[in-house]
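Q: This is the content of model21.pdb (PDB, C-alpha atoms):
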ATOM      1  CA  GLU A   1       0.000   0.000   0.000  1.00  0.00           C
ATOM      2  CA  GLU A   2       1.366   3.372  -1.032  1.00  0.00           C
ATOM      3  CA  ARG A   3       1.835   5.685   1.935  1.00  0.00           C
ATOM      4  CA  LEU A   4       3.262   9.156   2.583  1.00  0.00           C
ATOM      5  CA  VAL A   5       3.677  10.609   6.084  1.00  0.00           C
ATOM      6  CA  GLU A   6       4.577  14.265   6.566  1.00  0.00           C
ATOM      7  CA  SER A   7       5.986  15.836   9.709  1.00  0.00           C
ATOM      8  CA  GLY A   8       7.773  18.943  10.914  1.00  0.00           C
ATOM      9  CA  GLY A   9       5.098  21.597  10.680  1.00  0.00           C
ATOM     10  CA  GLY A  10       4.237  23.990  13.465  1.00  0.00           C
ATOM     11  CA  TRP A  11       3.932  27.609  14.447  1.00  0.00           C
ATOM     12  CA  VAL A  12       6.719  30.045  13.682  1.00  0.00           C
ATOM     13  CA  GLN A  13       7.092  33.804  13.706  1.00  0.00           C
ATOM     14  CA  PRO A  14       7.658  35.688  10.452  1.00  0.00           C
ATOM     15  CA  GLY A  15      11.272  35.340   9.411  1.00  0.00           C
ATOM     16  CA  GLY A  16      11.590  31.958  11.072  1.00  0.00           C
ATOM     17  CA  SER A  17      12.505  28.577   9.644  1.00  0.00           C
ATOM     18  CA  LEU A  18      11.050  25.080   9.502  1.00  0.00           C
ATOM     19  CA  MET A  19      12.111  21.769   8.000  1.00  0.00           C
ATOM     20  CA  LEU A  20       9.350  19.505   6.726  1.00  0.00           C
ATOM     21  CA  SER A  21       9.938  15.795   6.244  1.00  0.00           C
ATOM     22  CA  CYS A  22       8.044  13.095   4.380  1.00  0.00           C
ATOM     23  CA  LEU A  23       8.529   9.352   4.617  1.00  0.00           C
ATOM     24  CA  GLY A  24       7.351   7.254   1.691  1.00  0.00           C
ATOM     25  CA  SER A  25       6.564   3.551   1.624  1.00  0.00           C
ATOM     26  CA  GLY A  26       4.743   1.009  -0.490  1.00  0.00           C
ATOM     27  CA  PHE A  27       6.230   2.098  -3.801  1.00  0.00           C
ATOM     28  CA  THR A  28       9.625   2.267  -5.513  1.00  0.00           C
ATOM     29  CA  PHE A  29      10.669   5.556  -4.003  1.00  0.00           C
ATOM     30  CA  ASN A  30      13.730   6.268  -6.129  1.00  0.00           C
ATOM     31  CA  LYS A  31      11.771   5.958  -9.376  1.00  0.00           C
ATOM     32  CA  HIS A  32       9.327   8.775  -8.694  1.00  0.00           C
ATOM     33  CA  TRP A  33       9.215  12.509  -9.064  1.00  0.00           C
ATOM     34  CA  MET A  34       8.026  14.007  -5.782  1.00  0.00           C
ATOM     35  CA  PHE A  35       6.258  17.238  -4.920  1.00  0.00           C
ATOM     36  CA  TRP A  36       5.402  19.481  -2.008  1.00  0.00           C
ATOM     37  CA  VAL A  37       1.976  21.044  -2.395  1.00  0.00           C
ATOM     38  CA  ARG A  38       0.300  23.463  -0.001  1.00  0.00           C
ATOM     39  CA  GLN A  39      -3.194  24.693   0.642  1.00  0.00           C
ATOM     40  CA  ALA A  40      -3.937  27.903   2.480  1.00  0.00           C
ATOM     41  CA  PRO A  41      -7.304  28.281   4.252  1.00  0.00           C
ATOM     42  CA  GLY A  42     -10.041  28.911   1.718  1.00  0.00           C
ATOM     43  CA  LYS A  43      -7.693  28.579  -1.238  1.00  0.00           C
ATOM     44  CA  GLY A  44      -6.785  25.937  -3.772  1.00  0.00           C
ATOM     45  CA  LEU A  45      -3.815  23.611  -3.934  1.00  0.00           C
ATOM     46  CA  GLU A  46      -0.518  25.167  -4.934  1.00  0.00           C
ATOM     47  CA  ARG A  47       2.485  23.117  -5.993  1.00  0.00           C
ATOM     48  CA  VAL A  48       5.439  24.626  -4.147  1.00  0.00           C
ATOM     49  CA  SER A  49       8.422  22.466  -5.059  1.00  0.00           C
ATOM     50  CA  THR A  50       9.353  19.594  -7.363  1.00  0.00           C
ATOM     51  CA  ILE A  51      12.260  17.144  -7.318  1.00  0.00           C
ATOM     52  CA  ASP A  52      13.240  14.450  -9.793  1.00  0.00           C
ATOM     53  CA  PRO A  53      13.925  10.822  -8.807  1.00  0.00           C
ATOM     54  CA  ASP A  54      17.685  11.380  -8.475  1.00  0.00           C
ATOM     55  CA  GLY A  55      17.388  14.678  -6.616  1.00  0.00           C
ATOM     56  CA  GLU A  56      19.340  16.482  -9.314  1.00  0.00           C
ATOM     57  CA  TYR A  57      16.542  18.572 -10.776  1.00  0.00           C
ATOM     58  CA  LYS A  58      14.676  20.877  -8.435  1.00  0.00           C
ATOM     59  CA  VAL A  59      12.282  23.716  -9.054  1.00  0.00           C
ATOM     60  CA  SER A  60      10.123  25.857  -6.803  1.00  0.00           C
ATOM     61  CA  VAL A  61       7.389  28.368  -7.418  1.00  0.00           C
ATOM     62  CA  ASP A  62       8.615  31.950  -7.781  1.00  0.00           C
ATOM     63  CA  SER A  63       7.179  33.114  -4.452  1.00  0.00           C
ATOM     64  CA  VAL A  64       9.411  30.687  -2.491  1.00  0.00           C
ATOM     65  CA  GLU A  65      12.277  30.043  -4.882  1.00  0.00           C
ATOM     66  CA  ASP A  66      14.894  31.908  -2.834  1.00  0.00           C
ATOM     67  CA  ARG A  67      13.586  30.717   0.540  1.00  0.00           C
ATOM     68  CA  PHE A  68      12.595  27.050   0.180  1.00  0.00           C
ATOM     69  CA  ASP A  69      14.759  24.081  -0.789  1.00  0.00           C
ATOM     70  CA  ILE A  70      13.462  20.618  -1.627  1.00  0.00           C
ATOM     71  CA  SER A  71      15.730  17.617  -1.194  1.00  0.00           C
ATOM     72  CA  ARG A  72      15.553  13.861  -0.872  1.00  0.00           C
ATOM     73  CA  ASP A  73      17.415  10.931   0.601  1.00  0.00           C
ATOM     74  CA  ASN A  74      16.534   7.862  -1.409  1.00  0.00           C
ATOM     75  CA  SER A  75      18.398   5.601   1.012  1.00  0.00           C
ATOM     76  CA  LYS A  76      15.842   6.576   3.649  1.00  0.00           C
ATOM     77  CA  ASN A  77      12.781   7.070   1.420  1.00  0.00           C
ATOM     78  CA  MET A  78      12.616  10.655   2.650  1.00  0.00           C
ATOM     79  CA  ILE A  79      11.697  13.979   1.075  1.00  0.00           C
ATOM     80  CA  TYR A  80      12.461  17.272   2.805  1.00  0.00           C
ATOM     81  CA  LEU A  81      11.406  20.887   2.448  1.00  0.00           C
ATOM     82  CA  SER A  82      13.684  23.383   4.108  1.00  0.00           C
ATOM     83  CA  MET A  83      11.891  26.691   4.604  1.00  0.00           C
ATOM     84  CA  ARG A  84      13.474  29.911   5.789  1.00  0.00           C
ATOM     85  CA  ASN A  85      12.426  33.534   6.087  1.00  0.00           C
ATOM     86  CA  LEU A  86       8.855  32.355   6.396  1.00  0.00           C
ATOM     87  CA  LYS A  87       6.034  34.785   5.740  1.00  0.00           C
ATOM     88  CA  PRO A  88       2.402  34.780   6.900  1.00  0.00           C
ATOM     89  CA  GLU A  89       1.336  33.934   3.353  1.00  0.00           C
ATOM     90  CA  ASP A  90       3.294  30.683   3.626  1.00  0.00           C
ATOM     91  CA  SER A  91       0.786  29.425   6.188  1.00  0.00           C
ATOM     92  CA  GLY A  92      -1.251  26.395   5.218  1.00  0.00           C
ATOM     93  CA  MET A  93      -1.358  22.640   5.096  1.00  0.00           C
ATOM     94  CA  TYR A  94       1.670  21.165   3.366  1.00  0.00           C
ATOM     95  CA  TYR A  95       1.438  17.837   1.574  1.00  0.00           C
ATOM     96  CA  CYS A  96       4.054  15.530   0.190  1.00  0.00           C
ATOM     97  CA  THR A  97       2.664  14.007  -3.002  1.00  0.00           C
ATOM     98  CA  LEU A  98       3.285  11.720  -5.943  1.00  0.00           C
ATOM     99  CA  ASP A  99       0.679  13.689  -7.903  1.00  0.00           C
ATOM    100  CA  PRO A 100       1.886  17.078  -9.193  1.00  0.00           C
ATOM    101  CA  THR A 101      -1.575  18.543  -8.642  1.00  0.00           C
ATOM    102  CA  GLY A 102      -1.620  17.409  -5.043  1.00  0.00           C
ATOM    103  CA  ALA A 103      -5.187  16.198  -5.358  1.00  0.00           C
ATOM    104  CA  THR A 104      -4.332  12.550  -4.897  1.00  0.00           C
ATOM    105  CA  ARG A 105      -1.504  10.278  -3.748  1.00  0.00           C
ATOM    106  CA  ARG A 106      -0.549  12.418  -0.792  1.00  0.00           C
ATOM    107  CA  GLY A 107      -0.151  12.153   2.950  1.00  0.00           C
ATOM    108  CA  GLN A 108      -2.308  13.586   5.694  1.00  0.00           C
ATOM    109  CA  GLY A 109      -0.364  16.846   5.596  1.00  0.00           C
ATOM    110  CA  THR A 110       1.465  18.921   8.156  1.00  0.00           C
ATOM    111  CA  GLN A 111       0.236  22.351   9.219  1.00  0.00           C
ATOM    112  CA  VAL A 112       2.481  25.406   8.953  1.00  0.00           C
ATOM    113  CA  THR A 113       1.395  28.592  10.688  1.00  0.00           C
ATOM    114  CA  VAL A 114       3.408  31.786  10.351  1.00  0.00           C
ATOM    115  CA  SER A 115       2.249  34.599  12.573  1.00  0.00           C
ATOM    116  CA  SER A 116       3.414  36.975  15.226  1.00  0.00           C
TER
END
As structure tokens - that is how I would like this structure written.

A:
Amino acid sequence: EERLVESGGGWVQPGGSLMLSCLGSGFTFNKHWMFWVRQAPGKGLERVSTIDPDGEYKVSVDSVEDRFDISRDNSKNMIYLSMRNLKPEDSGMYYCTLDPTGATRRGQGTQVTVSS
């Protein structure tokens, strides 16, 4: 059974940092592109970052490109999202997904709240 479990969210003040983690199981981890997708309250899903199976190609949406870094450790079946200089507009539920839209094949999510 395919499974993704996110962790690492929480509350942080503006300008702070968080590291999100995602453990995958039930599929051949190192053969899949992986994505972090977020959803702010009352808004749609937004793909934040993308990484290829080898971890060599990475891309993030313009609004986070200089603040977020996606990475992976295929030996541990882990995906990470390092976030720094967080802003209130970064708040939302963050999902690790196998689906670039984030609508399916995702974990339960981890909540990120950025406020003072």

Q: Select, from A:Met83, A:Met93, A:Leu98, A:Leu18, the residue with the minimum atom-to-atom distance to A:Pro53, counting all atoms listed in the file.

A: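 For A:Pro53, the nearest of the candidates is A:Leu98.
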
Q: So the first atom is atom CA of A:Asp62 and the second is atom CA of A:Asp99; what is the distance between them in Å, to one decimal place?

A: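 Pair atom CA of A:Asp62 / atom CA of A:Asp99 returns 19.9 Å.
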
Q: Give as a compact mmCIF listing (two decimals) with C-alpha atoms, keeping the file's coordinate frame the residues that the PyMOL selection byres ((chain A and resi 47-50) around 9) matches when applied to the coordinates above.

A:
# COMPACT_ATOMS: atom_id res chain seq x y z
CA TRP A 33 9.22 12.51 -9.06
CA MET A 34 8.03 14.01 -5.78
CA PHE A 35 6.26 17.24 -4.92
CA TRP A 36 5.40 19.48 -2.01
CA VAL A 37 1.98 21.04 -2.40
CA ARG A 38 0.30 23.46 0.00
CA GLN A 39 -3.19 24.69 0.64
CA LEU A 45 -3.82 23.61 -3.93
CA GLU A 46 -0.52 25.17 -4.93
CA ILE A 51 12.26 17.14 -7.32
CA ASP A 52 13.24 14.45 -9.79
CA TYR A 57 16.54 18.57 -10.78
CA LYS A 58 14.68 20.88 -8.44
CA VAL A 59 12.28 23.72 -9.05
CA SER A 60 10.12 25.86 -6.80
CA VAL A 61 7.39 28.37 -7.42
CA ASP A 62 8.62 31.95 -7.78
CA SER A 63 7.18 33.11 -4.45
CA VAL A 64 9.41 30.69 -2.49
CA GLU A 65 12.28 30.04 -4.88
CA PHE A 68 12.60 27.05 0.18
CA ASP A 69 14.76 24.08 -0.79
CA ILE A 70 13.46 20.62 -1.63
CA LEU A 81 11.41 20.89 2.45
CA PRO A 100 1.89 17.08 -9.19
CA THR A 101 -1.58 18.54 -8.64
CA GLY A 102 -1.62 17.41 -5.04

Q: Please determine, counting all atoms listed in the file, which residue among A:Ser91, A:Gln108, A:Asn77, A:Asn30 has the shortest atom-to-atom distance to A:Gln13.

A: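 Of the candidates, the smallest distance to A:Gln13 is held by A:Ser91.
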
Q: Starting from the PyMOL selection byres ((chain A and resi 107) around 10), expand the selection into actual residues of this file and give them as a list in words.

A: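 Listing what the PyMOL selection byres ((chain A and resi 107) around 10) selects in the shown file: Glu2, Arg3, Leu4, Val5, Glu6, Ser7, Cys22, Leu23, Gly24, Tyr94, Tyr95, Cys96, Thr97, Leu98, Gly102, Thr104, Arg105, Arg106, Gln108, Gly109 and Thr110 of chain A.
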
Q: Measuring atom to atom with only C-alpha atoms, identify which of A:Gly10, A:Gly15, A:Ile79, A:Arg84 is nearest to A:His32.

A: A:Ile79

Q: Which of these residues is nearest to A:Arg72, using all atoms listed in the file: A:Ala103, A:Leu20, A:Ala40, A:Leu86?

A: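 For A:Arg72, the nearest of the candidates is A:Leu20.
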
Q: How many Å lie between atom CA of A:Gly9 and atom CA of A:Ser21, rounded to one decimal?

A: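 Separating atom CA of A:Gly9 from atom CA of A:Ser21 is a distance of 8.8 Å.
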
Q: Hey, could you pull the box centre and edge lengths for stretch 47-55 of chain A, axis-aligned, 8 Å padding per side, all listed atoms, to one decimal in Å, as JSON?

A:
{"center_x": 10.1, "center_y": 17.7, "center_z": -7.0, "size_x": 31.2, "size_y": 29.8, "size_z": 21.6}

Q: How many Å separate atom CA of A:Asn85 from atom CA of A:Asp54?

A: 27.0 Å

Q: Leaving out A:Ser116 and any residue of its chain fewer than 4 positions from it, which residues lie within 9 Å of it when counting all atoms listed in the file, given as an MDAnalysis selection string?

A: chainID A and resid 12:14 88

Q: Out of A:Lys87, A:Pro41, A:Val112, A:Gly55, which residue has the shortest atom-to-atom distance to A:Asp73 when counting only C-alpha atoms?

A: A:Gly55

Q: Counting all atoms listed in the file, figure out which residue out of A:Asn74, A:Gly16, A:Ser115, A:Trp11 gets nearest to A:Thr28.

A: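 That would be A:Asn74, the residue with the smallest distance to A:Thr28.
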